[in-house]
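Chemist: Contents of my_file32.txt (compact mmCIF, C-alpha atoms):
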```
# COMPACT_ATOMS: atom_id res chain seq x y z
CA MET A 1 0.00 0.00 0.00
CA LYS A 2 1.35 3.42 -0.88
CA ARG A 3 2.17 5.73 2.01
CA LYS A 4 -0.40 8.40 1.05
CA ASP A 5 -3.16 5.79 0.70
CA PHE A 6 -2.21 4.32 4.07
CA ILE A 7 -2.43 7.74 5.76
CA LYS A 8 -5.83 8.45 4.21
CA LYS A 9 -7.22 5.06 5.22
CA SER A 10 -5.87 5.53 8.75
CA ILE A 11 -7.57 8.91 9.11
CA ILE A 12 -10.90 7.55 7.87
CA GLY A 13 -10.69 4.99 10.65
CA LEU A 14 -10.46 7.72 13.28
CA THR A 15 -14.24 8.11 13.36
CA THR A 16 -14.63 4.65 14.89
CA ILE A 17 -11.26 3.86 16.45
CA PRO A 18 -10.16 5.78 19.60
CA ILE A 19 -7.06 7.91 19.12
CA VAL A 20 -3.94 6.76 20.95
CA ALA A 21 -1.77 9.86 21.32
CA ASN A 22 1.56 8.09 21.22
CA SER A 23 2.52 4.47 21.67
CA CYS A 24 5.16 5.48 24.23
CA VAL A 25 3.44 8.39 25.98
CA PRO A 26 -0.08 7.83 27.34
CA ALA A 27 -2.85 10.39 27.10
CA PRO A 28 -3.85 12.11 30.37
CA SER A 29 -5.65 9.99 32.96
CA GLU A 30 -8.85 11.88 32.04
CA ASP A 31 -8.41 10.26 28.56
CA ILE A 32 -8.51 11.98 25.20
CA SER A 33 -12.21 12.80 25.50
CA SER A 34 -11.38 15.36 28.19
CA THR A 35 -8.83 17.01 25.93
CA THR A 36 -11.20 17.41 23.01
CA SER A 37 -14.22 19.67 23.19
CA SER A 38 -17.59 18.05 23.84
CA THR A 39 -19.15 20.53 21.42
CA ALA A 40 -16.76 19.73 18.57
CA PRO A 41 -18.36 18.00 15.59
CA ASN A 42 -17.56 14.30 15.49
CA ILE A 43 -17.45 14.27 11.71
CA ILE A 44 -14.52 14.30 9.33
CA SER A 45 -15.01 17.16 6.91
CA GLY A 46 -12.95 18.19 3.94
CA LYS A 47 -12.47 21.70 5.29
CA LYS A 48 -8.88 22.88 5.35
CA TYR A 49 -7.37 25.18 7.95
CA LYS A 50 -4.41 27.48 7.45
CA TRP A 51 -2.98 28.50 10.79
CA LYS A 52 -0.23 30.76 12.06
CA MET A 53 2.00 29.71 14.97
CA VAL A 54 3.91 32.46 16.76
CA THR A 55 6.77 31.55 19.08
CA THR A 56 8.97 33.02 21.79
CA TRP A 57 12.02 31.51 20.06
CA PRO A 58 14.20 33.14 17.39
CA PRO A 59 13.46 31.95 13.83
CA ASN A 60 14.64 28.37 13.19
CA PHE A 61 16.08 28.22 16.69
CA PRO A 62 17.79 24.85 17.38
CA VAL A 63 15.52 22.28 19.04
CA LEU A 64 12.89 24.77 20.29
CA GLY A 65 12.14 26.47 16.98
CA VAL A 66 12.91 23.33 15.00
CA GLY A 67 10.52 21.41 17.26
CA ALA A 68 7.71 23.84 16.45
CA THR A 69 8.30 23.24 12.74
CA LYS A 70 8.39 19.46 13.26
CA PHE A 71 5.05 19.66 15.05
CA ALA A 72 3.55 21.57 12.13
CA ASP A 73 4.90 18.97 9.69
CA TRP A 74 3.55 16.06 11.74
CA VAL A 75 0.10 17.62 12.02
CA LYS A 76 -0.04 18.36 8.31
CA GLU A 77 0.89 14.76 7.46
CA MET A 78 -1.47 13.15 9.97
CA SER A 79 -4.36 15.35 8.87
CA ALA A 80 -3.64 14.78 5.15
CA GLY A 81 -3.11 18.52 4.76
CA ARG A 82 -6.32 19.61 6.50
CA ILE A 83 -4.32 21.64 9.06
CA ASP A 84 -1.45 23.59 7.54
CA ILE A 85 0.53 25.57 10.12
CA LYS A 86 3.03 28.28 9.23
CA VAL A 87 5.58 28.86 12.00
CA TYR A 88 6.83 32.37 12.78
CA GLY A 89 9.91 32.95 14.91
CA GLY A 90 9.82 35.52 17.68
CA GLY A 91 9.61 39.01 16.17
CA GLU A 92 8.57 37.86 12.70
CA LEU A 93 4.86 38.39 13.31
CA VAL A 94 4.65 39.54 16.95
CA PRO A 95 7.35 40.22 19.57
CA PRO A 96 8.51 37.03 21.36
CA LEU A 97 6.95 37.85 24.72
CA GLU A 98 3.58 38.75 23.17
CA THR A 99 2.86 35.19 22.07
CA PHE A 100 0.32 34.58 24.84
CA GLY A 101 -1.76 37.65 24.04
CA ALA A 102 -1.50 37.14 20.29
CA VAL A 103 -2.98 33.63 20.48
CA SER A 104 -5.55 34.58 23.11
CA GLY A 105 -6.76 37.46 20.93
CA GLY A 106 -6.79 35.49 17.69
CA VAL A 107 -3.91 37.28 15.95
CA ALA A 108 -2.47 33.76 15.54
CA GLU A 109 -4.22 30.44 16.00
CA MET A 110 -1.47 28.95 18.13
CA GLY A 111 1.88 29.57 19.79
CA SER A 112 5.00 27.86 21.13
CA SER A 113 6.36 29.14 24.42
CA CYS A 114 6.89 28.46 28.13
CA ALA A 115 4.36 29.19 30.86
CA TYR A 116 6.68 31.08 33.21
CA TYR A 117 6.78 33.96 30.75
CA TRP A 118 3.17 34.71 31.68
CA ALA A 119 3.65 35.22 35.42
CA GLY A 120 2.40 38.80 35.04
CA LYS A 121 -0.89 37.56 33.62
CA THR A 122 -1.49 34.68 36.03
CA PRO A 123 1.01 33.68 38.74
CA ALA A 124 -0.13 30.04 38.79
CA ALA A 125 1.16 29.56 35.23
CA GLN A 126 4.71 29.25 36.55
CA PHE A 127 3.95 25.98 38.33
CA PHE A 128 3.28 24.40 34.92
CA ALA A 129 6.75 25.38 33.68
CA ALA A 130 9.41 25.07 36.37
CA VAL A 131 9.73 25.43 40.12
CA PRO A 132 13.22 25.97 41.58
CA PHE A 133 14.36 22.86 43.46
CA GLY A 134 11.26 21.16 42.05
CA MET A 135 10.55 18.13 39.90
CA ASN A 136 12.68 16.97 37.01
CA ALA A 137 11.40 16.22 33.50
CA GLN A 138 10.32 12.66 34.19
CA GLN A 139 8.53 13.58 37.40
CA LEU A 140 6.87 16.65 35.92
CA THR A 141 5.52 14.69 32.97
CA SER A 142 4.08 12.16 35.41
CA TRP A 143 2.38 14.91 37.42
CA MET A 144 1.01 16.48 34.25
CA LEU A 145 -0.33 13.37 32.55
CA SER A 146 -1.18 11.10 35.46
CA GLY A 147 -1.32 13.35 38.51
CA GLY A 148 -4.21 15.64 37.56
CA ALA A 149 -2.13 18.72 36.72
CA TYR A 150 -3.05 18.92 33.05
CA GLU A 151 -6.72 19.40 33.89
CA LYS A 152 -5.82 22.26 36.25
CA TRP A 153 -3.63 23.81 33.54
CA LYS A 154 -6.49 23.68 31.04
CA ASN A 155 -8.87 25.27 33.53
CA LEU A 156 -6.44 28.11 34.16
CA TYR A 157 -5.79 28.86 30.49
CA ALA A 158 -9.49 28.67 29.61
CA ASN A 159 -9.81 32.01 31.41
CA PHE A 160 -7.63 33.47 28.65
CA ASN A 161 -9.34 31.71 25.74
CA LEU A 162 -6.45 29.26 25.41
CA VAL A 163 -5.91 25.50 25.40
CA PRO A 164 -2.43 24.34 26.52
CA PHE A 165 -0.56 21.27 25.27
CA LEU A 166 2.66 19.67 26.51
CA ALA A 167 5.47 20.41 24.08
CA GLY A 168 8.63 18.88 25.48
CA ASN A 169 10.88 19.42 28.47
CA THR A 170 14.41 20.77 28.63
CA GLY A 171 15.52 18.42 31.39
CA VAL A 172 17.82 19.66 34.15
CA GLN A 173 19.49 22.84 32.97
CA MET A 174 22.89 24.29 33.77
CA GLY A 175 23.16 26.97 36.44
CA GLY A 176 24.32 29.63 34.00
CA TRP A 177 27.24 31.72 32.78
CA PHE A 178 28.85 34.24 35.11
CA ASN A 179 31.47 36.92 34.69
CA LYS A 180 32.73 36.27 38.22
CA GLU A 181 32.99 33.34 40.61
CA ILE A 182 30.17 32.62 43.04
CA ASN A 183 31.86 31.58 46.27
CA SER A 184 29.20 32.75 48.69
CA VAL A 185 25.76 34.33 48.86
CA GLU A 186 27.51 37.71 49.08
CA ASP A 187 28.60 37.28 45.47
CA LEU A 188 24.95 37.33 44.38
CA LYS A 189 24.37 40.80 45.75
CA GLY A 190 24.11 43.36 42.98
CA LEU A 191 24.35 40.65 40.32
CA LYS A 192 22.27 41.45 37.23
CA MET A 193 21.17 38.14 35.76
CA ARG A 194 18.88 37.05 32.99
CA ILE A 195 16.68 34.57 34.86
CA PRO A 196 12.88 34.21 34.51
CA GLY A 197 10.00 33.00 36.62
CA ILE A 198 10.08 32.19 40.32
CA ALA A 199 13.87 31.91 40.20
CA GLY A 200 14.08 35.60 39.37
CA LYS A 201 12.26 36.43 42.60
CA VAL A 202 14.64 34.13 44.47
CA LEU A 203 17.67 35.94 43.07
CA GLU A 204 16.18 39.26 44.12
CA LYS A 205 15.79 37.97 47.67
CA ALA A 206 19.50 37.13 47.59
CA GLY A 207 20.25 40.74 46.66
CA GLY A 208 20.55 40.33 42.89
CA ALA A 209 18.50 41.80 40.07
CA ALA A 210 16.51 39.55 37.73
CA VAL A 211 16.28 40.74 34.13
CA LEU A 212 13.85 39.15 31.64
CA VAL A 213 15.50 39.13 28.22
CA ALA A 214 14.24 37.23 25.17
CA GLY A 215 16.56 34.52 23.83
CA GLY A 216 17.72 36.48 20.80
CA GLU A 217 18.88 39.41 22.93
CA ILE A 218 20.86 37.59 25.62
CA TYR A 219 24.29 37.54 23.94
CA THR A 220 24.43 41.27 23.27
CA SER A 221 23.08 42.06 26.75
CA LEU A 222 25.84 39.96 28.32
CA GLU A 223 28.50 41.30 26.00
CA ARG A 224 27.59 44.94 26.69
CA GLY A 225 27.32 44.52 30.45
CA VAL A 226 23.57 45.04 30.60
CA ILE A 227 23.61 41.78 32.56
CA ASP A 228 26.44 40.12 34.51
CA ALA A 229 25.20 36.57 34.15
CA THR A 230 22.65 34.50 32.32
CA GLU A 231 21.04 31.13 32.51
CA TRP A 232 19.77 29.66 29.28
CA LEU A 233 19.75 25.92 28.72
CA HIS A 234 22.55 23.35 28.37
CA PRO A 235 25.92 22.90 26.65
CA PHE A 236 24.36 22.44 23.19
CA HIS A 237 22.28 25.60 23.13
CA ASP A 238 24.69 27.64 25.20
CA SER A 239 27.51 26.82 22.79
CA LYS A 240 25.34 27.77 19.82
CA MET A 241 24.58 31.07 21.56
CA GLY A 242 28.31 31.68 22.02
CA PHE A 243 28.20 32.44 25.74
CA HIS A 244 31.53 30.69 26.28
CA LYS A 245 33.17 33.39 24.17
CA ILE A 246 32.23 36.20 26.58
CA SER A 247 31.87 34.50 29.98
CA LYS A 248 34.41 32.41 31.86
CA TYR A 249 32.47 30.59 34.57
CA TYR A 250 29.84 27.95 33.78
CA TYR A 251 27.92 26.77 36.85
CA THR A 252 25.97 23.64 37.75
CA PRO A 253 23.42 22.48 38.87
CA GLY A 254 20.45 24.29 37.39
CA TRP A 255 18.62 24.74 40.70
CA HIS A 256 16.29 27.23 39.05
CA GLU A 257 14.99 24.90 36.31
CA PRO A 258 15.33 21.21 37.15
CA GLY A 259 12.97 20.25 34.33
CA THR A 260 11.25 23.00 32.39
CA GLN A 261 7.97 22.11 30.73
CA LEU A 262 7.40 23.82 27.38
CA GLU A 263 4.00 24.50 25.90
CA LEU A 264 1.94 24.81 22.78
CA ILE A 265 -1.10 27.04 23.15
CA ILE A 266 -4.12 27.18 20.85
CA ASN A 267 -6.91 29.75 20.69
CA LYS A 268 -9.75 27.99 22.54
CA LYS A 269 -12.63 29.22 20.38
CA ILE A 270 -10.84 28.07 17.25
CA TYR A 271 -9.84 24.77 18.84
CA ASP A 272 -13.36 24.04 20.09
CA SER A 273 -14.74 24.50 16.59
CA LEU A 274 -12.52 21.78 15.11
CA PRO A 275 -13.77 18.24 14.38
CA LYS A 276 -12.75 15.81 17.10
CA ASP A 277 -10.38 13.91 14.85
CA LEU A 278 -8.35 17.08 14.21
CA GLN A 279 -8.29 17.86 17.91
CA ALA A 280 -6.92 14.37 18.53
CA ILE A 281 -4.31 14.84 15.81
CA LEU A 282 -3.13 18.04 17.49
CA TRP A 283 -2.80 16.12 20.77
CA ALA A 284 -0.89 13.32 19.06
CA GLY A 285 1.45 15.85 17.44
CA SER A 286 2.12 17.48 20.80
CA MET A 287 2.98 14.11 22.34
CA ASN A 288 5.42 13.41 19.51
CA LEU A 289 7.02 16.78 20.19
CA HIS A 290 7.06 16.16 23.93
CA THR A 291 8.99 12.93 23.44
CA TRP A 292 11.33 14.17 20.70
CA LEU A 293 12.43 17.43 22.31
CA LEU A 294 13.96 16.01 25.50
CA ALA A 295 15.56 13.18 23.53
CA GLU A 296 17.14 15.67 21.13
CA PHE A 297 18.45 17.84 23.95
CA ASP A 298 20.10 14.89 25.67
CA ALA A 299 21.58 13.59 22.42
CA GLN A 300 23.12 16.96 21.59
CA ASN A 301 24.28 17.77 25.13
CA ARG A 302 26.34 14.59 25.32
CA ILE A 303 28.41 15.95 22.40
CA TYR A 304 28.64 19.63 23.27
CA TYR A 305 29.51 19.01 26.91
CA GLN A 306 32.68 17.27 25.77
CA GLN A 307 33.45 20.14 23.42
CA LEU A 308 33.10 22.71 26.19
CA LEU A 309 35.53 20.74 28.31
CA GLN A 310 38.12 21.34 25.60
CA GLU A 311 37.57 25.12 25.44
CA ASP A 312 40.46 27.18 26.79
CA GLY A 313 39.59 29.51 29.64
CA ILE A 314 36.23 27.95 30.52
CA GLN A 315 35.81 26.83 34.12
CA ILE A 316 32.89 24.51 34.88
CA LYS A 317 32.09 24.97 38.56
CA THR A 318 29.55 23.78 41.11
CA PHE A 319 27.56 26.17 43.28
CA PRO A 320 28.69 25.97 46.93
CA ASP A 321 26.34 24.04 49.21
CA ASP A 322 25.59 27.09 51.39
CA VAL A 323 24.56 29.09 48.32
CA LEU A 324 22.17 26.35 47.23
CA GLN A 325 20.70 26.02 50.73
CA THR A 326 20.11 29.77 50.94
CA LEU A 327 18.50 29.85 47.50
CA LYS A 328 16.26 26.95 48.48
CA GLN A 329 15.10 28.82 51.56
CA TYR A 330 14.38 31.91 49.49
CA THR A 331 12.46 29.74 47.01
CA GLU A 332 10.03 28.71 49.72
CA GLU A 333 9.50 32.37 50.63
CA ALA A 334 9.10 33.44 47.02
CA VAL A 335 6.52 30.75 46.29
CA GLU A 336 4.45 31.67 49.36
CA GLU A 337 4.50 35.33 48.31
CA LEU A 338 3.54 34.39 44.76
CA ILE A 339 0.56 32.38 45.99
CA GLY A 340 -0.64 35.03 48.43
CA ASP A 341 -4.39 34.67 48.84
CA ASP A 342 -4.92 33.18 45.38
CA ALA A 343 -6.88 30.01 46.09
CA PHE A 344 -6.18 28.48 42.66
CA SER A 345 -2.42 29.00 42.95
CA ARG A 346 -2.56 27.34 46.37
CA GLU A 347 -4.48 24.39 44.95
CA VAL A 348 -1.98 23.91 42.13
CA TYR A 349 1.09 24.23 44.34
CA ASP A 350 -0.31 21.90 47.01
CA SER A 351 -0.85 19.33 44.26
CA TYR A 352 2.69 19.92 42.99
CA ARG A 353 4.34 19.56 46.39
CA LYS A 354 2.34 16.46 47.38
CA PHE A 355 3.21 14.75 44.10
CA GLN A 356 6.87 15.78 44.37
CA LYS A 357 7.21 14.43 47.91
CA GLU A 358 5.68 11.09 46.98
CA ILE A 359 7.54 10.62 43.70
CA ASN A 360 10.86 11.68 45.26
CA ALA A 361 10.56 8.75 47.65
CA TRP A 362 10.26 6.39 44.70
CA SER A 363 12.93 8.18 42.64
CA SER A 364 15.40 7.83 45.52
CA MET A 365 14.86 4.08 45.50
CA SER A 366 15.13 3.84 41.72
CA GLU A 367 16.79 6.59 39.69
CA LYS A 368 18.97 8.05 42.44
CA ALA A 369 20.12 4.64 43.67
CA TYR A 370 21.06 3.65 40.13
CA TYR A 371 23.06 6.85 39.54
CA ASN A 372 24.85 6.66 42.88
CA LYS A 373 25.68 2.96 42.89
CA ILE A 374 26.12 2.06 39.24
CA MET A 375 26.87 5.19 37.22
CA LYS A 376 29.77 6.42 39.34
```
Before anything else, please render the file you have as C-alpha cells.
Modeler:
Amino acid sequence: MKRKDFIKKSIIGLTTIPIVANSCVPAPSEDISSTTSSTAPNIISGKKYKWKMVTTWPPNFPVLGVGATKFADWVKEMSAGRIDIKVYGGGELVPPLETFGAVSGGVAEMGSSCAYYWAGKTPAAQFFAAVPFGMNAQQLTSWMLSGGAYEKWKNLYANFNLVPFLAGNTGVQMGGWFNKEINSVEDLKGLKMRIPGIAGKVLEKAGGAAVLVAGGEIYTSLERGVIDATEWLHPFHDSKMGFHKISKYYYTPGWHEPGTQLELIINKKIYDSLPKDLQAILWAGSMNLHTWLLAEFDAQNRIYYQQLLQEDGIQIKTFPDDVLQTLKQYTEEAVEELIGDDAFSREVYDSYRKFQKEINAWSSMSEKAYYNKIMK
C-alpha cells in the first residue's frame, strides 16, 4: 500500500477507532475525550485550515524552533493537509513575549512558548513550567499526565481563551554563565542576571536583580554589560549562543529549572470549533514533540559538553552548598508570596508539592540509587 493511501485510510478509521496519542506516551488519565471539546463536531469534513503559529524563540532556533516546525509537519501529514501551520519565529509576526496575548486574541491560532513567561498575567502559570528545586522532567511529565495537573492547567488557560498542550521538556538545565565566581551568597548581591519565573524572585531575595530578556537578545546584553550573568539551557544551546566566548564561569546544577515544561497554546474558540479527529491529531502531534524534544536535547548535550571541556579559559564549577541552601530557603519564601491569597495557585502548588514528595521517595529508591551505585 502506498504511504499516502495508508495515511488516508488511517484517518478515515479515526471516526470509529479511539485515538492513541503516542505508543510510548499515554494520554492524560482523564483520557482523550477530556482534551477534546464536547461541542466539537464528530465528523470528518474536507475543510482545510491554514494556521499561524507564533513563538517566543528566534526563527529556526535549534531544538525549540525546529521542534515547532516538526510539530507543524507532523500535524499536516497526519491530517492529510487539512491543518497547515506556518511557524513564525519571535519578532517575525509579533514580539517574542507577546505570544500569549496574540494567540488569546486570535492574531495567531497557536503559539510555542513556556508558561513562566506569563507570570504577570497569572502567577499560577509558573507551576506548569518550572519550580526551583522542584521536579525533574520525568517527574513533571508524570504529574502532568497522570497526577491531575493537566486538567488544572487547562482550567487556568481557559480564562484566557487558550488550550495548553505539553510540548517537550528541557531536562535539568545548567546553572548559568557568570562573569565572576560565586563563592558565597555575598557574590549574588548586585548581580544582574537574565533569569525568569520564580527563580528571578529568588535571586532578588538574595540581593541580585533579575532581568527578563528574550533569547535572541541575551548575547548582546551579556557582551555589553547590561547583565552580569545568564542562565539559558545546556551545553548544546549555550555553545550555539556563544556564551563561552564572553563568559568564563559555567555553573551547575540548574537549581532554578530542574525540568522545564514547554508549551503549545491554541486559541480555545478556534480549537473548540474543530472536528474531534483534528483535535486528537493536534494532541498526538504534541505528544510526539514532547517525546522528541527532550531526547534531542540529551543527544546533543552529550556531544557539546565534551566540546566545552576542551575550550580554553572555561571553568565549569559547582555552586557551593551554602549558596544552594540559601537559595532553596528563598524559594520557599518566594513561592508563598507568589501564591498570596490566590486560592487556585494554592491548589496547584499543594498538588505539585504532594506529588513531588511522593515521587521523590520512589525516585530515591530507583533513579537516584542507580546513579549513585552504578553510574559512578
Chemist: Within 9 Å of segment 88-107 of chain A, which residues of segment 122-225 of chain A show up? Give each one with its shortest atom-to-atom distance in Å (one decimal) and the two atoms involved, counting all atoms listed in the file, rows by chain then rising residue number, as a tab-separated table.
Modeler:
```
residue	atom	partner	partner_atom	distance
A:Phe160	CA	A:Ser104	CA	6.0
A:Asn161	CA	A:Ser104	CA	5.4
A:Leu162	CA	A:Ser104	CA	5.9
A:Ala214	CA	A:Pro96	CA	6.9
A:Gly215	CA	A:Pro96	CA	8.8
A:Gly216	CA	A:Gly90	CA	8.5
```
Chemist: By how many Å are atom CA of Pro62 of chain A and atom CA of Leu293 of chain A apart?
Modeler: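 Distance reported for this atom pair: 10.4 Å.
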Chemist: When you draw a straight line from atom CA of Ala119 of chain A to atom CA of Phe243 of chain A, how long is it in Å?
Modeler: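 That distance, rounded to one decimal, is 26.5 Å.
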Chemist: I'd like the contact shell of Ala125 of chain A - 9 Å cut-off, all atoms listed in the file, skipping same-chain residues fewer than 2 positions apart - returned as a JSON list (two decimals) with C-alpha atoms, in the coordinates of the input.
Modeler:
```
[["chain", "number", "residue", "atom", "x", "y", "z"],
["A", 115, "ALA", "CA", 4.36, 29.19, 30.86],
["A", 116, "TYR", "CA", 6.68, 31.08, 33.21],
["A", 117, "TYR", "CA", 6.78, 33.96, 30.75],
["A", 118, "TRP", "CA", 3.17, 34.71, 31.68],
["A", 119, "ALA", "CA", 3.65, 35.22, 35.42],
["A", 121, "LYS", "CA", -0.89, 37.56, 33.62],
["A", 122, "THR", "CA", -1.49, 34.68, 36.03],
["A", 123, "PRO", "CA", 1.01, 33.68, 38.74],
["A", 127, "PHE", "CA", 3.95, 25.98, 38.33],
["A", 128, "PHE", "CA", 3.28, 24.40, 34.92],
["A", 129, "ALA", "CA", 6.75, 25.38, 33.68],
["A", 153, "TRP", "CA", -3.63, 23.81, 33.54],
["A", 156, "LEU", "CA", -6.44, 28.11, 34.16],
["A", 157, "TYR", "CA", -5.79, 28.86, 30.49],
["A", 345, "SER", "CA", -2.42, 29.00, 42.95]]
```
Chemist: Please measure the separation of atom CA of Gln173 of chain A and atom CA of Leu308 of chain A, giving the value in Å to one decimal.
Modeler: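 Atom-to-atom, atom CA of Gln173 of chain A and atom CA of Leu308 of chain A are spaced 15.2 Å apart.
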Chemist: Taking all atoms of segment 167-182 of chain A that appear in the file, build a box with edges along x, y and z, extend it by 4 Å on every side, and state its centre and edge lengths in Å to one decimal, as AutoDock Vina command-line options.
Modeler:
```
--center_x 19.2 --center_y 27.7 --center_z 33.6 --size_x 35.5 --size_y 26.5 --size_z 27.0
```
Chemist: From the options A:Thr56, A:Thr260, A:Ser247, A:Gln306, which residue's atoms come nearest to Phe133 of chain A, counting only C-alpha atoms?
Modeler: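 Counting only C-alpha atoms, the residue closest to Phe133 of chain A is A:Thr260.
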Chemist: Smallest atom-to-atom distance to Glu186 of chain A: which of A:Asn372, A:Gln261, A:Ser239, A:Thr326, using all atoms listed in the file?
Modeler: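 Result for the nearest residue to Glu186 of chain A: A:Thr326.
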Chemist: Applying 10 Å and all atoms listed in the file, which residues near Glu204 of chain A remain after dropping the ones on its own chain fewer than 5 positions away? List them as a list of chain:residue names.
Modeler: A:Leu188, A:Lys189, A:Gly190, A:Leu191, A:Lys192, A:Met193, A:Ala199, A:Ala209, A:Ala210, A:Tyr330, A:Ala334
Chemist: Just checking: using all atoms listed in the file, which residue out of A:Leu274, A:Leu264, A:Ala137, A:Leu338 ends up closest to Leu64 of chain A?
Modeler: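 Residue with the minimum atom-to-atom distance to Leu64 of chain A: A:Leu264.
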Chemist: In the coordinate frame of the file, compute which residues have an atom within 10 Å of (15.4, 24.6, 42.1) when using all atoms listed in the file, and state them as a PDB file with C-alpha atoms, in the coordinates of the input.
Modeler:
```pdb
ATOM      1  CA  ALA A 130       9.410  25.070  36.370  1.00  0.00           C
ATOM      2  CA  VAL A 131       9.730  25.430  40.120  1.00  0.00           C
ATOM      3  CA  PRO A 132      13.220  25.970  41.580  1.00  0.00           C
ATOM      4  CA  PHE A 133      14.360  22.860  43.460  1.00  0.00           C
ATOM      5  CA  GLY A 134      11.260  21.160  42.050  1.00  0.00           C
ATOM      6  CA  MET A 135      10.550  18.130  39.900  1.00  0.00           C
ATOM      7  CA  ASN A 136      12.680  16.970  37.010  1.00  0.00           C
ATOM      8  CA  VAL A 172      17.820  19.660  34.150  1.00  0.00           C
ATOM      9  CA  GLY A 175      23.160  26.970  36.440  1.00  0.00           C
ATOM     10  CA  ILE A 198      10.080  32.190  40.320  1.00  0.00           C
ATOM     11  CA  ALA A 199      13.870  31.910  40.200  1.00  0.00           C
ATOM     12  CA  VAL A 202      14.640  34.130  44.470  1.00  0.00           C
ATOM     13  CA  PRO A 253      23.420  22.480  38.870  1.00  0.00           C
ATOM     14  CA  GLY A 254      20.450  24.290  37.390  1.00  0.00           C
ATOM     15  CA  TRP A 255      18.620  24.740  40.700  1.00  0.00           C
ATOM     16  CA  HIS A 256      16.290  27.230  39.050  1.00  0.00           C
ATOM     17  CA  GLU A 257      14.990  24.900  36.310  1.00  0.00           C
ATOM     18  CA  PRO A 258      15.330  21.210  37.150  1.00  0.00           C
ATOM     19  CA  GLY A 259      12.970  20.250  34.330  1.00  0.00           C
ATOM     20  CA  LEU A 324      22.170  26.350  47.230  1.00  0.00           C
ATOM     21  CA  LEU A 327      18.500  29.850  47.500  1.00  0.00           C
ATOM     22  CA  LYS A 328      16.260  26.950  48.480  1.00  0.00           C
ATOM     23  CA  THR A 331      12.460  29.740  47.010  1.00  0.00           C
TER      24      THR A 331
END
```
Chemist: What's around Lys50 of chain A at 12 Å? Count only C-alpha atoms, leave out sequence neighbours fewer than 5 positions away in its own chain, and write the answer as a ChimeraX atom specification.
Modeler: /A:72,75-76,81-87,108-110,270
Chemist: Find the spatial neighbours of Trp292 of chain A, counting all atoms listed in the file, within a cut-off of 9 Å - ignore same-chain residues fewer than 5 positions away - and output them as a list in words.
Modeler: Gly67, Gly168, Met287 and Phe297 of chain A
Chemist: Taking (31.3, 34.1, 43.6) in the file's own coordinates, collect the residues within 12 Å, counting all atoms listed in the file, and hand them back as a CSV table (one decimal) with C-alpha atoms, in the coordinates of the input.
Modeler:
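Writing done, so here's part_4.csv:
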```
chain,number,residue,atom,x,y,z
A,177,TRP,CA,27.2,31.7,32.8
A,178,PHE,CA,28.8,34.2,35.1
A,179,ASN,CA,31.5,36.9,34.7
A,180,LYS,CA,32.7,36.3,38.2
A,181,GLU,CA,33.0,33.3,40.6
A,182,ILE,CA,30.2,32.6,43.0
A,183,ASN,CA,31.9,31.6,46.3
A,184,SER,CA,29.2,32.8,48.7
A,185,VAL,CA,25.8,34.3,48.9
A,186,GLU,CA,27.5,37.7,49.1
A,187,ASP,CA,28.6,37.3,45.5
A,188,LEU,CA,25.0,37.3,44.4
A,189,LYS,CA,24.4,40.8,45.8
A,190,GLY,CA,24.1,43.4,43.0
A,191,LEU,CA,24.4,40.6,40.3
A,228,ASP,CA,26.4,40.1,34.5
A,229,ALA,CA,25.2,36.6,34.2
A,249,TYR,CA,32.5,30.6,34.6
A,250,TYR,CA,29.8,28.0,33.8
A,251,TYR,CA,27.9,26.8,36.8
A,317,LYS,CA,32.1,25.0,38.6
A,318,THR,CA,29.6,23.8,41.1
A,319,PHE,CA,27.6,26.2,43.3
A,320,PRO,CA,28.7,26.0,46.9
A,322,ASP,CA,25.6,27.1,51.4
A,323,VAL,CA,24.6,29.1,48.3
```
Chemist: Between A:Val211, A:Ala284, A:Met144, A:Leu262, single out the one closest to Phe355 of chain A, counting only C-alpha atoms.
Modeler: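 Closest residue, counting only C-alpha atoms: A:Met144.
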Chemist: Using only C-alpha atoms, which of the listed residues (A:Lys52, A:Lys205, A:His234, A:Lys245) sits closest to Glu311 of chain A?
Modeler: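 Counting only C-alpha atoms, the residue closest to Glu311 of chain A is A:Lys245.
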Chemist: Looking at A:Glu217, A:Glu336, A:Glu358, A:Glu263, which one is nearest to Pro58 of chain A, with distances taken over all atoms listed in the file?
Modeler: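 Closest residue, counting all atoms listed in the file: A:Glu217.
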Chemist: Restore N, CA and C atoms in segment 290-298 of chain A and list the result as an mmCIF file, in the frame of the given file.
Modeler:
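Saved file rebuild-v7.cif follows:
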```
data_model
loop_
_atom_site.group_PDB
_atom_site.id
_atom_site.type_symbol
_atom_site.label_atom_id
_atom_site.label_comp_id
_atom_site.auth_asym_id
_atom_site.auth_seq_id
_atom_site.Cartn_x
_atom_site.Cartn_y
_atom_site.Cartn_z
ATOM 1 N N HIS A 290 6.665 16.293 22.525
ATOM 2 C CA HIS A 290 7.060 16.160 23.930
ATOM 3 C C HIS A 290 8.151 15.102 24.086
ATOM 4 N N THR A 291 8.006 14.006 23.376
ATOM 5 C CA THR A 291 8.990 12.930 23.440
ATOM 6 C C THR A 291 10.288 13.309 22.732
ATOM 7 N N TRP A 292 10.163 13.883 21.527
ATOM 8 C CA TRP A 292 11.330 14.170 20.700
ATOM 9 C C TRP A 292 12.229 15.235 21.320
ATOM 10 N N LEU A 293 11.639 16.272 21.901
ATOM 11 C CA LEU A 293 12.430 17.430 22.310
ATOM 12 C C LEU A 293 13.443 17.088 23.397
ATOM 13 N N LEU A 294 13.022 16.383 24.431
ATOM 14 C CA LEU A 294 13.960 16.010 25.500
ATOM 15 C C LEU A 294 15.015 15.048 24.977
ATOM 16 N N ALA A 295 14.602 14.113 24.111
ATOM 17 C CA ALA A 295 15.560 13.180 23.530
ATOM 18 C C ALA A 295 16.617 13.916 22.716
ATOM 19 N N GLU A 296 16.206 14.904 21.958
ATOM 20 C CA GLU A 296 17.140 15.670 21.130
ATOM 21 C C GLU A 296 18.095 16.486 21.992
ATOM 22 N N PHE A 297 17.576 17.090 23.044
ATOM 23 C CA PHE A 297 18.450 17.840 23.950
ATOM 24 C C PHE A 297 19.531 16.939 24.542
ATOM 25 N N ASP A 298 19.129 15.783 25.058
ATOM 26 C CA ASP A 298 20.100 14.890 25.670
ATOM 27 C C ASP A 298 21.135 14.397 24.655
#
```
